[in-house]
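This report concerns only the one structure given below.
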Amino acid sequence: MKPTPRSAMRRALLQGAVALAATLPFCAPAGAAADFPTKPLRFVVPYPPGGPLDTMARMLAEKVRGSLGQPVIVENRSGAGGNIGADLVAKAPADGYTLVMGAVATHAINPWLFANLPYDPVKDFAPVTIVASVPNVLVMNLEFAQKNKIEKLSDLIAYAKQNPGKLNYGSGGNGSAGHLSGELLKARAGIKVEHIPYQGAAPAQLALLSGQSDFMFDNLAASAPLIKDGKVKALAVTTAQRSSLLADVPTVEESGVKGFDLGTWFGVFTTGGTPAPVVAKLNQAYAEAMQQPDVKQRLLTMGSEAGPMTPEAFAAFVKSEKAKYQEIVKISGASLN
């Protein structure tokens, strides 16, 4: 049946309206941010219970309940180096009701470590705010350090060059922050030492204390008590700035190894595409929670001196970290399927 002039005109107008709508930016309904949230939020921790990310997620969940007016339910979904929990949030509805405590692993290291990452760490997430940034610290078996008169990092490097392949270092596993730090030290300092991967940071720490390994790059919060009690020898922190918790311990760069600035960080993300007003409301709630005295004290105890960021600043930080770790993972030679 041949279309009438009127039906043809109606079809043309409809097609034009659809084409015009496709060129316009998406705008959330006017009341979307004002009404948000109207139901409980889900906060995914992509690691097992009891760790620093889990502890802080639960503390913040209680703190933001008052300002958001809704409970925040923390859920642990661990596995695949954090990828399982992160992917769950990446594929959730873009409405701000599903959050994840993302970390340097899920958003900066894993993209280069895993051949088939199930999510895009930039496009699939809307950064809310950083929560903590903690340096790692190079610690050495105390007996070995004393026996070989190793007082500082330059002594360790000198020993390694005189005894190539005789030193070893432990880590929480292939591709872990401790592994990447050790491989970067090898590359930057020009030394040959052997890597021993363990099933987690705790076993690696026990191996260091028992003398099965010579040194390791450990999380500052985990190592601080051992350093304070004189059970391990602290040689250097991995970040560009010294830590107030170990003010007398120099950085790796200060010790003469250039191009070394690594740390462990984690922060709040929601699903990519979430309306900006909703992200801003989440940012305000979590930023205010981080400024509460008991939260600040807990973060300082962990070794973090980071303050909350705007979503834009946190997004830029994540992109820069992802770019930085591309080189570091390549240097390490680590890869996971």
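Chain identifiers are assigned as A, B, and so on, following the order in which chains appear in the structure tokens; residues are numbered from 1 within each chain, and ligands are numbered from 1 in order of appearance.
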For stretch 75-90 of chain A: contacts at 9 Å, only C-alpha atoms, fewer than 4 positions along chain excluded, given as an NGL selection string: :A and (42-49 or 54 or 94 or 98-103 or 105-107 or 110 or 117-121 or 123-125 or 176 or 269-272)
Keeping only N, CA and C atoms, write the selected residues as a CSV table (one decimal), in the first residue's frame.
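Ended up saving to result.csv:
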```csv
chain,number,residue,atom,x,y,z
A,42,ARG,N,24.1,-1.4,48.1
A,42,ARG,CA,24.9,-2.6,48.2
A,42,ARG,C,26.4,-2.2,48.0
A,43,PHE,N,27.2,-2.5,49.0
A,43,PHE,CA,28.6,-2.1,48.9
A,43,PHE,C,29.5,-3.4,48.8
A,44,VAL,N,30.0,-3.7,47.7
A,44,VAL,CA,30.7,-4.9,47.4
A,44,VAL,C,32.2,-4.7,47.8
A,45,VAL,N,32.7,-5.6,48.5
A,45,VAL,CA,34.2,-5.7,48.8
A,45,VAL,C,34.7,-6.9,48.1
A,46,PRO,N,35.6,-6.7,47.1
A,46,PRO,CA,36.0,-7.8,46.2
A,46,PRO,C,37.1,-8.7,46.8
A,47,TYR,N,37.2,-8.7,48.2
A,47,TYR,CA,38.2,-9.5,48.9
A,47,TYR,C,37.6,-10.1,50.1
A,48,PRO,N,38.2,-11.1,50.7
A,48,PRO,CA,37.6,-11.8,51.9
A,48,PRO,C,37.4,-10.9,53.1
A,49,PRO,N,36.5,-11.3,54.0
A,49,PRO,CA,36.3,-10.5,55.2
A,49,PRO,C,37.6,-10.4,56.1
A,54,ASP,N,37.8,-4.4,53.8
A,54,ASP,CA,36.6,-4.9,54.4
A,54,ASP,C,36.3,-4.1,55.6
A,94,ALA,N,23.1,1.4,36.3
A,94,ALA,CA,23.9,2.7,36.5
A,94,ALA,C,23.0,3.7,37.3
A,98,THR,N,24.7,0.4,43.7
A,98,THR,CA,25.7,-0.6,43.8
A,98,THR,C,27.1,0.0,43.8
A,99,LEU,N,27.9,-0.2,44.9
A,99,LEU,CA,29.2,0.3,45.1
A,99,LEU,C,30.2,-0.8,45.2
A,100,VAL,N,31.5,-0.4,45.0
A,100,VAL,CA,32.6,-1.4,45.2
A,100,VAL,C,33.7,-0.6,45.8
A,101,MET,N,34.4,-1.3,46.7
A,101,MET,CA,35.7,-0.8,47.3
A,101,MET,C,36.8,-1.2,46.3
A,102,GLY,N,37.0,-0.5,45.3
A,102,GLY,CA,38.0,-0.8,44.3
A,102,GLY,C,39.4,-0.5,44.8
A,103,ALA,N,40.4,-1.1,44.2
A,103,ALA,CA,41.7,-0.9,44.7
A,103,ALA,C,42.7,-0.8,43.6
A,105,ALA,N,44.8,-2.9,42.7
A,105,ALA,CA,44.8,-4.2,42.0
A,105,ALA,C,43.7,-4.2,40.9
A,106,THR,N,42.4,-3.9,41.4
A,106,THR,CA,41.3,-4.1,40.4
A,106,THR,C,41.3,-3.0,39.3
A,107,HIS,N,41.8,-1.9,39.6
A,107,HIS,CA,41.7,-0.8,38.6
A,107,HIS,C,43.0,-0.3,38.0
A,110,ASN,N,45.4,-5.2,37.6
A,110,ASN,CA,44.8,-6.3,36.9
A,110,ASN,C,44.5,-6.1,35.4
A,117,LEU,N,40.3,-9.6,31.1
A,117,LEU,CA,39.6,-8.9,32.2
A,117,LEU,C,38.2,-8.7,31.8
A,118,PRO,N,37.2,-9.0,32.7
A,118,PRO,CA,35.8,-9.0,32.3
A,118,PRO,C,35.2,-7.6,32.3
A,119,TYR,N,36.0,-6.6,32.6
A,119,TYR,CA,35.4,-5.2,32.7
A,119,TYR,C,36.5,-4.2,32.3
A,120,ASP,N,36.0,-3.0,31.9
A,120,ASP,CA,36.9,-1.9,31.6
A,120,ASP,C,37.1,-1.1,32.9
A,121,PRO,N,38.3,-1.0,33.5
A,121,PRO,CA,38.4,-0.3,34.7
A,121,PRO,C,38.1,1.2,34.7
A,123,LYS,N,35.9,2.8,31.8
A,123,LYS,CA,34.6,3.1,31.3
A,123,LYS,C,33.5,2.5,32.1
A,124,ASP,N,33.7,1.4,32.8
A,124,ASP,CA,32.7,0.7,33.5
A,124,ASP,C,32.4,1.1,34.9
A,125,PHE,N,33.1,2.2,35.3
A,125,PHE,CA,33.0,2.6,36.7
A,125,PHE,C,32.9,4.1,36.8
A,176,SER,N,51.2,-9.7,42.7
A,176,SER,CA,50.8,-8.9,43.9
A,176,SER,C,51.7,-7.6,44.0
A,269,PHE,N,33.8,3.2,44.3
A,269,PHE,CA,33.4,3.4,42.9
A,269,PHE,C,31.9,3.0,42.8
A,270,THR,N,31.2,3.5,41.9
A,270,THR,CA,29.9,3.0,41.5
A,270,THR,C,29.9,2.6,40.0
A,271,THR,N,28.8,2.2,39.5
A,271,THR,CA,28.7,1.8,38.1
A,271,THR,C,28.9,2.9,37.1
A,272,GLY,N,29.6,2.7,36.0
A,272,GLY,CA,29.8,3.7,35.0
A,272,GLY,C,28.5,4.1,34.4
```
As a ChimeraX atom specification, please: all residues of stretch 74-220 of chain A that backbone DSSP puts in strand (DSSP E or B). /A:74-76,98-103,114,125-141,168-171,194-197,215-219
Near-A:Met290 list (8 Å; only C-alpha atoms; drop same-chain fewer than 6 positions) as a ChimeraX atom specification: /A:60,131,296,307-308
Counting only C-alpha atoms, figure out which residue out of A:Met309, A:Ala61, A:Ala132, A:Leu209 gets nearest to A:Leu41.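 When distances to A:Leu41 are compared using only C-alpha atoms, the smallest one comes from A:Ala61.
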I'd like the interatomic distance between atom CA of A:Pro135 and atom CA of A:Asp229, to a tenth of an Å.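 Computing it gives 19.4 Å between the two atoms.
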Looking at A:Gln146, A:Thr310, A:Thr274, A:Asn174, which one is nearest to A:Phe36, with distances taken over only C-alpha atoms?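 Answer, going by the shortest atom-to-atom distance: A:Thr274.
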Selected residue, from A:Arg242, A:Glu253, A:Ala221, A:Val318, that lies nearest to A:Phe266 when counting only C-alpha atoms: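 Residue with the minimum atom-to-atom distance to A:Phe266: A:Val318.
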Using only C-alpha atoms, the best pick from A:Leu299, A:Leu245, A:Ala285, A:Val279 as closest to A:Glu312 would be A:Val279
When you count only C-alpha atoms, which of these residues is closest to A:Leu180: A:Gly263, A:Gly273, A:Pro111, A:Pro127?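 Residue with the minimum atom-to-atom distance to A:Leu180: A:Gly263.
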Using only C-alpha atoms, which residues sit within 8 Å of A:Phe260 once same-chain residues fewer than 5 positions away are excluded, as a list in words?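 So the residues in contact are Leu184, Leu185, Arg188, Thr238, Thr239, Ala240, Val252 and Glu253 of chain A.
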Quick one: pick out all alpha helix (DSSP H) residues within stretch 5-185 of chain A from a backbone DSSP run and write them as number ranges by chain. A: 5-23, 32-35, 52-68, 83-90, 104, 110-113, 142-147, 153-162, 177-185
